[in-house]
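Here is model.cif, consisting of mmCIF, C-alpha atoms and all ligand atoms:
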data_coords
#
loop_
_atom_site.group_PDB
_atom_site.id
_atom_site.type_symbol
_atom_site.label_atom_id
_atom_site.label_comp_id
_atom_site.auth_asym_id
_atom_site.auth_seq_id
_atom_site.Cartn_x
_atom_site.Cartn_y
_atom_site.Cartn_z
ATOM 1 C CA MET A 45 -241.970 -53.545 -134.702
ATOM 2 C CA ASN A 46 -241.025 -56.319 -137.115
ATOM 3 C CA ILE A 47 -237.470 -55.719 -138.376
ATOM 4 C CA ALA A 48 -235.400 -57.628 -140.946
ATOM 5 C CA VAL A 49 -231.756 -57.151 -141.957
ATOM 6 C CA ARG A 50 -230.425 -58.258 -145.351
ATOM 7 C CA TYR A 51 -227.105 -57.589 -147.037
ATOM 8 C CA HIS A 52 -224.913 -58.661 -149.894
ATOM 9 C CA THR A 53 -221.172 -58.988 -149.445
ATOM 10 C CA ARG A 54 -218.278 -60.276 -151.510
ATOM 11 C CA GLY A 55 -215.471 -59.589 -149.084
ATOM 12 C CA GLY A 56 -217.162 -59.320 -145.673
ATOM 13 C CA ASN A 57 -217.126 -55.527 -145.173
ATOM 14 C CA THR A 58 -220.854 -54.990 -145.593
ATOM 15 C CA LYS A 59 -221.566 -58.100 -143.522
ATOM 16 C CA LYS A 60 -219.727 -56.513 -140.570
ATOM 17 C CA VAL A 61 -221.985 -53.456 -140.805
ATOM 18 C CA ALA A 62 -225.077 -55.668 -141.187
ATOM 19 C CA GLU A 63 -224.178 -57.585 -138.042
ATOM 20 C CA ALA A 64 -223.638 -54.378 -136.047
ATOM 21 C CA ILE A 65 -227.042 -53.139 -137.215
ATOM 22 C CA ALA A 66 -228.704 -56.471 -136.425
ATOM 23 C CA ARG A 67 -227.214 -56.505 -132.902
ATOM 24 C CA ALA A 68 -228.434 -52.950 -132.308
ATOM 25 C CA VAL A 69 -232.032 -53.757 -133.206
ATOM 26 C CA GLY A 70 -232.209 -57.318 -131.868
ATOM 27 C CA ALA A 71 -232.656 -58.962 -135.268
ATOM 28 C CA ALA A 72 -230.677 -61.533 -137.255
ATOM 29 C CA ALA A 73 -228.663 -60.437 -140.301
ATOM 30 C CA GLY A 74 -229.208 -62.559 -143.387
ATOM 31 C CA ASP A 75 -227.684 -62.725 -146.841
ATOM 32 C CA CYS A 76 -230.006 -61.247 -149.456
ATOM 33 C CA ASP A 77 -230.324 -64.704 -151.013
ATOM 34 C CA VAL A 78 -232.647 -65.390 -148.064
ATOM 35 C CA PRO A 79 -236.092 -63.963 -148.903
ATOM 36 C CA ILE A 80 -238.085 -61.914 -146.395
ATOM 37 C CA ALA A 81 -240.520 -64.165 -144.557
ATOM 38 C CA GLY A 82 -243.763 -62.251 -144.105
ATOM 39 C CA PRO A 83 -244.492 -58.568 -143.584
ATOM 40 C CA VAL A 84 -241.864 -56.253 -142.087
ATOM 41 C CA ASP A 85 -242.175 -52.714 -140.706
ATOM 42 C CA LEU A 86 -238.536 -51.917 -141.395
ATOM 43 C CA LEU A 87 -236.019 -53.648 -143.628
ATOM 44 C CA PHE A 88 -232.332 -52.734 -143.302
ATOM 45 C CA LEU A 89 -230.712 -53.444 -146.673
ATOM 46 C CA GLY A 90 -226.994 -53.211 -147.361
ATOM 47 C CA GLY A 91 -224.830 -53.474 -150.438
ATOM 48 C CA SER A 92 -221.584 -52.300 -151.980
ATOM 49 C CA VAL A 93 -220.247 -50.894 -155.227
ATOM 50 C CA TYR A 94 -218.379 -53.141 -157.657
ATOM 51 C CA GLY A 95 -217.222 -51.697 -160.978
ATOM 52 C CA PHE A 96 -219.294 -48.557 -160.286
ATOM 53 C CA GLY A 97 -222.542 -50.535 -159.828
ATOM 54 C CA LEU A 98 -224.571 -52.783 -157.547
ATOM 55 C CA ASP A 99 -224.134 -56.536 -157.491
ATOM 56 C CA ASP A 100 -226.899 -58.432 -159.344
ATOM 57 C CA ALA A 101 -227.732 -60.218 -156.075
ATOM 58 C CA VAL A 102 -228.937 -56.916 -154.584
ATOM 59 C CA LYS A 103 -230.847 -55.943 -157.734
ATOM 60 C CA ASN A 104 -232.538 -59.363 -157.794
ATOM 61 C CA PHE A 105 -233.408 -59.141 -154.099
ATOM 62 C CA ILE A 106 -235.094 -55.764 -154.650
ATOM 63 C CA ALA A 107 -236.903 -57.069 -157.748
ATOM 64 C CA ARG A 108 -238.322 -59.980 -155.722
ATOM 65 C CA LEU A 109 -239.524 -57.895 -152.743
ATOM 66 C CA ASN A 110 -243.253 -57.737 -152.215
ATOM 67 C CA PRO A 111 -244.040 -53.981 -151.898
ATOM 68 C CA SER A 112 -247.143 -54.708 -149.850
ATOM 69 C CA GLU A 113 -245.053 -56.563 -147.241
ATOM 70 C CA VAL A 114 -242.286 -53.973 -146.715
ATOM 71 C CA LYS A 115 -243.352 -50.722 -145.025
ATOM 72 C CA ALA A 116 -239.962 -48.986 -145.264
ATOM 73 C CA VAL A 117 -236.308 -49.645 -146.031
ATOM 74 C CA ALA A 118 -233.246 -48.200 -144.274
ATOM 75 C CA LEU A 119 -230.160 -48.422 -146.465
ATOM 76 C CA PHE A 120 -226.531 -49.022 -145.555
ATOM 77 C CA GLY A 121 -223.447 -49.640 -147.629
ATOM 78 C CA THR A 122 -219.686 -49.689 -147.970
ATOM 79 C CA SER A 123 -217.337 -48.920 -150.831
ATOM 80 C CA ALA A 124 -213.781 -47.796 -151.457
ATOM 81 C CA ILE A 125 -214.482 -44.468 -153.152
ATOM 82 C CA VAL A 126 -217.773 -44.203 -155.044
ATOM 83 C CA LYS A 127 -220.731 -43.410 -152.764
ATOM 84 C CA THR A 128 -223.534 -44.244 -155.185
ATOM 85 C CA GLY A 129 -224.581 -47.658 -153.844
ATOM 86 C CA ASN A 130 -227.245 -46.457 -151.424
ATOM 87 C CA ARG A 131 -228.577 -43.984 -153.987
ATOM 88 C CA ASP A 132 -228.839 -46.743 -156.608
ATOM 89 C CA MET A 133 -230.633 -49.090 -154.202
ATOM 90 C CA ALA A 134 -233.022 -46.274 -153.225
ATOM 91 C CA LYS A 135 -233.870 -45.635 -156.877
ATOM 92 C CA LEU A 136 -234.702 -49.304 -157.543
ATOM 93 C CA LEU A 137 -236.800 -49.549 -154.376
ATOM 94 C CA ARG A 138 -238.763 -46.354 -155.098
ATOM 95 C CA GLU A 139 -239.393 -47.524 -158.659
ATOM 96 C CA ARG A 140 -241.114 -50.520 -157.065
ATOM 97 C CA GLY A 141 -243.187 -48.259 -154.813
ATOM 98 C CA ILE A 142 -241.251 -49.141 -151.642
ATOM 99 C CA ALA A 143 -240.571 -46.308 -149.183
ATOM 100 C CA VAL A 144 -236.935 -45.544 -148.328
ATOM 101 C CA LEU A 145 -235.939 -43.641 -145.176
ATOM 102 C CA GLY A 146 -234.264 -40.284 -145.756
ATOM 103 C CA LYS A 147 -231.310 -41.196 -143.536
ATOM 104 C CA ASP A 148 -228.901 -43.919 -144.615
ATOM 105 C CA PHE A 149 -225.540 -45.241 -143.428
ATOM 106 C CA TYR A 150 -222.331 -45.331 -145.430
ATOM 107 C CA CYS A 151 -218.719 -46.013 -144.564
ATOM 108 C CA ARG A 152 -215.517 -46.879 -146.344
ATOM 109 C CA GLY A 153 -214.725 -50.538 -146.886
ATOM 110 C CA GLU A 154 -211.248 -52.012 -147.194
ATOM 111 C CA PHE A 155 -210.217 -52.669 -150.796
ATOM 112 C CA THR A 156 -206.697 -53.921 -151.643
ATOM 113 C CA VAL A 157 -204.346 -51.376 -150.016
ATOM 114 C CA MET A 158 -207.080 -48.805 -149.438
ATOM 115 C CA HIS A 159 -208.881 -48.179 -146.116
ATOM 116 C CA ARG A 160 -207.167 -50.986 -144.211
ATOM 117 C CA GLY A 161 -209.295 -52.166 -141.290
ATOM 118 C CA ARG A 162 -212.490 -50.442 -142.418
ATOM 119 C CA PRO A 163 -215.165 -50.761 -141.383
ATOM 120 C CA ASP A 164 -213.537 -50.245 -137.985
ATOM 121 C CA ALA A 165 -214.962 -50.037 -134.454
ATOM 122 C CA GLY A 166 -215.950 -46.399 -134.980
ATOM 123 C CA ASP A 167 -217.820 -47.231 -138.192
ATOM 124 C CA LEU A 168 -219.661 -50.092 -136.491
ATOM 125 C CA SER A 169 -220.623 -47.938 -133.555
ATOM 126 C CA ARG A 170 -222.010 -45.256 -135.898
ATOM 127 C CA ALA A 171 -223.891 -48.001 -137.797
ATOM 128 C CA ALA A 172 -225.442 -49.226 -134.544
ATOM 129 C CA GLU A 173 -226.488 -45.673 -133.641
ATOM 130 C CA PHE A 174 -228.013 -45.221 -137.107
ATOM 131 C CA ALA A 175 -229.953 -48.465 -136.715
ATOM 132 C CA GLY A 176 -231.274 -47.527 -133.283
ATOM 133 C CA ASP A 177 -232.466 -44.146 -134.555
ATOM 134 C CA ALA A 178 -234.080 -45.691 -137.658
ATOM 135 C CA ALA A 179 -235.915 -48.264 -135.542
ATOM 136 C CA LYS A 180 -237.163 -45.484 -133.226
ATOM 137 C CA GLY A 181 -238.372 -43.544 -136.266
ATOM 138 C CA LEU A 182 -235.960 -40.632 -135.702
HETATM 139 C C1 LIG B 1 -214.420 -56.448 -157.977
HETATM 140 C C2 LIG B 1 -214.504 -55.205 -157.142
HETATM 141 C C3 LIG B 1 -214.875 -54.010 -157.743
HETATM 142 C C4 LIG B 1 -214.955 -52.825 -156.981
HETATM 143 N N1 LIG B 1 -215.331 -51.658 -157.582
HETATM 144 C C5 LIG B 1 -215.450 -50.539 -156.839
HETATM 145 C C6 LIG B 1 -215.887 -49.311 -157.436
HETATM 146 O O1 LIG B 1 -216.179 -49.225 -158.628
HETATM 147 N N2 LIG B 1 -215.969 -48.212 -156.642
HETATM 148 C C7 LIG B 1 -215.670 -48.230 -155.307
HETATM 149 O O2 LIG B 1 -215.765 -47.208 -154.646
HETATM 150 N N3 LIG B 1 -215.268 -49.388 -154.707
HETATM 151 C C8 LIG B 1 -215.165 -50.530 -155.438
HETATM 152 N N4 LIG B 1 -214.772 -51.706 -154.844
HETATM 153 C C9 LIG B 1 -214.526 -51.714 -153.395
HETATM 154 C C10 LIG B 1 -215.719 -52.260 -152.616
HETATM 155 O O3 LIG B 1 -216.897 -51.517 -152.902
HETATM 156 C C11 LIG B 1 -215.431 -52.171 -151.114
HETATM 157 O O4 LIG B 1 -214.262 -52.897 -150.816
HETATM 158 C C12 LIG B 1 -216.613 -52.702 -150.317
HETATM 159 O O5 LIG B 1 -216.421 -52.391 -148.958
HETATM 160 C C13 LIG B 1 -216.764 -54.180 -150.529
HETATM 161 O O6 LIG B 1 -217.779 -54.648 -149.702
HETATM 162 P P1 LIG B 1 -217.900 -56.184 -149.339
HETATM 163 O O7 LIG B 1 -216.617 -56.578 -148.610
HETATM 164 O O8 LIG B 1 -219.091 -56.265 -148.471
HETATM 165 O O9 LIG B 1 -218.054 -56.938 -150.611
HETATM 166 C C14 LIG B 1 -214.664 -52.871 -155.591
HETATM 167 C C15 LIG B 1 -214.303 -54.092 -154.995
HETATM 168 C C16 LIG B 1 -214.225 -55.235 -155.750
HETATM 169 C C17 LIG B 1 -213.828 -56.535 -155.078
#
Transcribe the structure of this file into structure tokens.
Amino acid sequence: MNIAVRYHTRGGNTKKVAEAIARAVGAAAGDCDVPIAGPVDLLFLGGSVYGFGLDDAVKNFIARLNPSEVKAVALFGTSAIVKTGNRDMAKLLRERGIAVLGKDFYCRGEFTVMHRGRPDAGDLSRAAEFAGDAAKGL
């Protein structure tokens, strides 16, 4: 199975999750400025919520994806409070005709004085488990 991992991060929280996912599936995690090279069976895509919305970098990445080269996307994300990031990414992907797995991964991400240390070891272990299950098609 050909697997790719892409994420966008401003502060590093989502990158930590991306790297845990990449380790779990034996892939390399790349910033979403790096386009997908060739067809993939499963793309793990991660983003966060800033001012109640997605960063333009994630929206642009989704807009540039070739639907015929991406069989399915597994979403992951972090935020302080609002849990709409994965839902918003799923909507944009489905509008482009790209399949999104029913299961996604979300955890809190540190923001100023909130959620210090998150994602923590427990979050990263749950992310790795999620990735393993997604790659096995569970
Ligand atoms: C400029 C800015 C705006 C944010 N706006 C929101 C928001 O509207 N809702 C929310 O739940 N979290 C918000 N957050 C918190 C981030 O979503 C959270 O810290 C996330 O884990 C950041 O991921 P990153 O470190 O990968 O960039 C904001 C953070 C920043 C820096």
Taking all atoms listed in the file into account, produce a table as JSON lines in which each residue of region 118-176 of chain A with an atom at most 7 Å from an atom of region 81-93 of chain A appears once, together with its shortest atom pair and the distance in Å to one decimal, ordered by chain and rising number.
{"residue": "A:Ala118", "atom": "CA", "partner": "A:Phe88", "partner_atom": "CA", "distance": 4.7}
{"residue": "A:Leu119", "atom": "CA", "partner": "A:Leu89", "partner_atom": "CA", "distance": 5.1}
{"residue": "A:Phe120", "atom": "CA", "partner": "A:Gly90", "partner_atom": "CA", "distance": 4.6}
{"residue": "A:Gly121", "atom": "CA", "partner": "A:Gly91", "partner_atom": "CA", "distance": 5.0}
{"residue": "A:Thr122", "atom": "CA", "partner": "A:Ser92", "partner_atom": "CA", "distance": 5.1}
{"residue": "A:Ser123", "atom": "CA", "partner": "A:Ser92", "partner_atom": "CA", "distance": 5.5}
{"residue": "A:Gly129", "atom": "CA", "partner": "A:Val93", "partner_atom": "CA", "distance": 5.6}
Would you give me, as CSV, each residue of chain A having an atom within 9 Å of an atom of ligand LIG 1 (chain B), along with its shortest atom pair and that distance in Å to one decimal, using all atoms listed in the file and sorting by chain and residue number?
residue,atom,partner,partner_atom,distance
A:Tyr51,CA,B:LIG1,O8,8.2
A:His52,CA,B:LIG1,O8,6.5
A:Thr53,CA,B:LIG1,O8,3.6
A:Arg54,CA,B:LIG1,O9,3.5
A:Gly55,CA,B:LIG1,O7,3.3
A:Gly56,CA,B:LIG1,O7,4.1
A:Asn57,CA,B:LIG1,O7,3.6
A:Thr58,CA,B:LIG1,O8,3.6
A:Lys59,CA,B:LIG1,O8,5.8
A:Lys60,CA,B:LIG1,O8,7.9
A:Val61,CA,B:LIG1,O8,8.7
A:Gly90,CA,B:LIG1,O8,8.5
A:Gly91,CA,B:LIG1,O8,6.7
A:Ser92,CA,B:LIG1,O3,4.8
A:Val93,CA,B:LIG1,O3,4.1
A:Tyr94,CA,B:LIG1,N1,3.4
A:Gly95,CA,B:LIG1,O1,3.6
A:Phe96,CA,B:LIG1,O1,3.6
A:Gly97,CA,B:LIG1,O1,6.6
A:Gly121,CA,B:LIG1,O5,7.7
A:Thr122,CA,B:LIG1,O5,4.4
A:Ser123,CA,B:LIG1,O3,3.4
A:Ala124,CA,B:LIG1,O2,3.8
A:Ile125,CA,B:LIG1,O2,3.4
A:Val126,CA,B:LIG1,O2,3.6
A:Lys127,CA,B:LIG1,O2,6.5
A:Thr128,CA,B:LIG1,O2,8.3
A:Gly129,CA,B:LIG1,O3,8.7
A:Cys151,CA,B:LIG1,O5,8.1
A:Arg152,CA,B:LIG1,O5,6.2
A:Gly153,CA,B:LIG1,O5,3.3
A:Glu154,CA,B:LIG1,O4,4.8
A:Phe155,CA,B:LIG1,O4,4.1
A:Thr156,CA,B:LIG1,O4,7.7
A:Met158,CA,B:LIG1,O4,8.4
A:His159,CA,B:LIG1,O4,8.6
A:Arg162,CA,B:LIG1,O5,7.9
A:Pro163,CA,B:LIG1,O5,7.8
Report, as lines of an AutoDock Vina configuration file, the centre and edge lengths in Å (one decimal) of the axis-aligned box enclosing every listed atom of region 67-78 of chain A, padded by 3 Å on each side.
center_x = -229.9
center_y = -59.2
center_z = -141.4
size_x = 11.4
size_y = 18.4
size_z = 25.1
**Prompt:** Which is closer to Ala175 (chain A) than all the others in A:Val102, A:Val114, A:Ile80, A:Ile65, using only C-alpha atoms?
**Reply:**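 For Ala175 (chain A), the nearest of the candidates is A:Ile65.
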**Item:** Between CA of Asp75 (chain A) and CA of Asn104 (chain A) - distance in Å to one decimal
**Value:**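 So the two atoms, CA of Asn104 (chain A) and CA of Asp75 (chain A), lie 12.4 Å apart.
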**Request:** Give the answer as one residue: which of A:Ala165, A:Ala66, A:Val157, A:Leu98 has the shortest atom-to-atom distance to Lys135 (chain A), using all atoms listed in the file?
**Result:**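 Ranking A:Ala165, A:Ala66, A:Val157, A:Leu98 by distance to Lys135 (chain A), first place goes to A:Leu98.
Separating CA of Ala101 (chain A) from CA of Cys76 (chain A) is a distance of 7.1 Å.
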**Message:** Restricting the calculation to only C-alpha atoms: of A:Gly176, A:Ile142, A:Gly181, A:Arg160, which residue gets closest to Gly70 (chain A)?
**Reply:**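 The shortest atom-to-atom distance to Gly70 (chain A) comes from A:Gly176.
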**Asked** Contacts of Ala178 (chain A) at 9 Å or less, counting only C-alpha atoms, minus same-chain residues fewer than 4 places along, as an MDAnalysis selection string?
**Response** chainID A and resid 86 118 145 147:148 173:174 182
**Item:** Closest of A:Arg138, A:Arg67, A:Arg131, A:Lys180 to Ile106 (chain A) - atom-to-atom distances counting only C-alpha atoms
**Value:**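 Closest to Ile106 (chain A), using only C-alpha atoms: A:Arg138.
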Hey, what comes out of the PyMOL selection byres (((chain A and resi 144) around 6) and not hetatm) on this file? Could you write it as a compact mmCIF listing (two decimals) with C-alpha atoms, in the coordinates of the input?
# COMPACT_ATOMS: atom_id res chain seq x y z
CA ALA A 116 -239.96 -48.99 -145.26
CA VAL A 117 -236.31 -49.64 -146.03
CA ALA A 143 -240.57 -46.31 -149.18
CA LEU A 145 -235.94 -43.64 -145.18
**Request:** Could you check which of A:Ala68, A:Arg108, A:Pro79, A:Glu139 is closest to Asp177 (chain A), using all atoms listed in the file?
**Result:**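 Closest to Asp177 (chain A) of all the choices is A:Ala68.
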**Using all atoms listed in the file: which of A:Ala62, A:Arg50, A:Gly74, A:Met45 has the shortest distance to Ala172 (chain A)** = A:Ala62
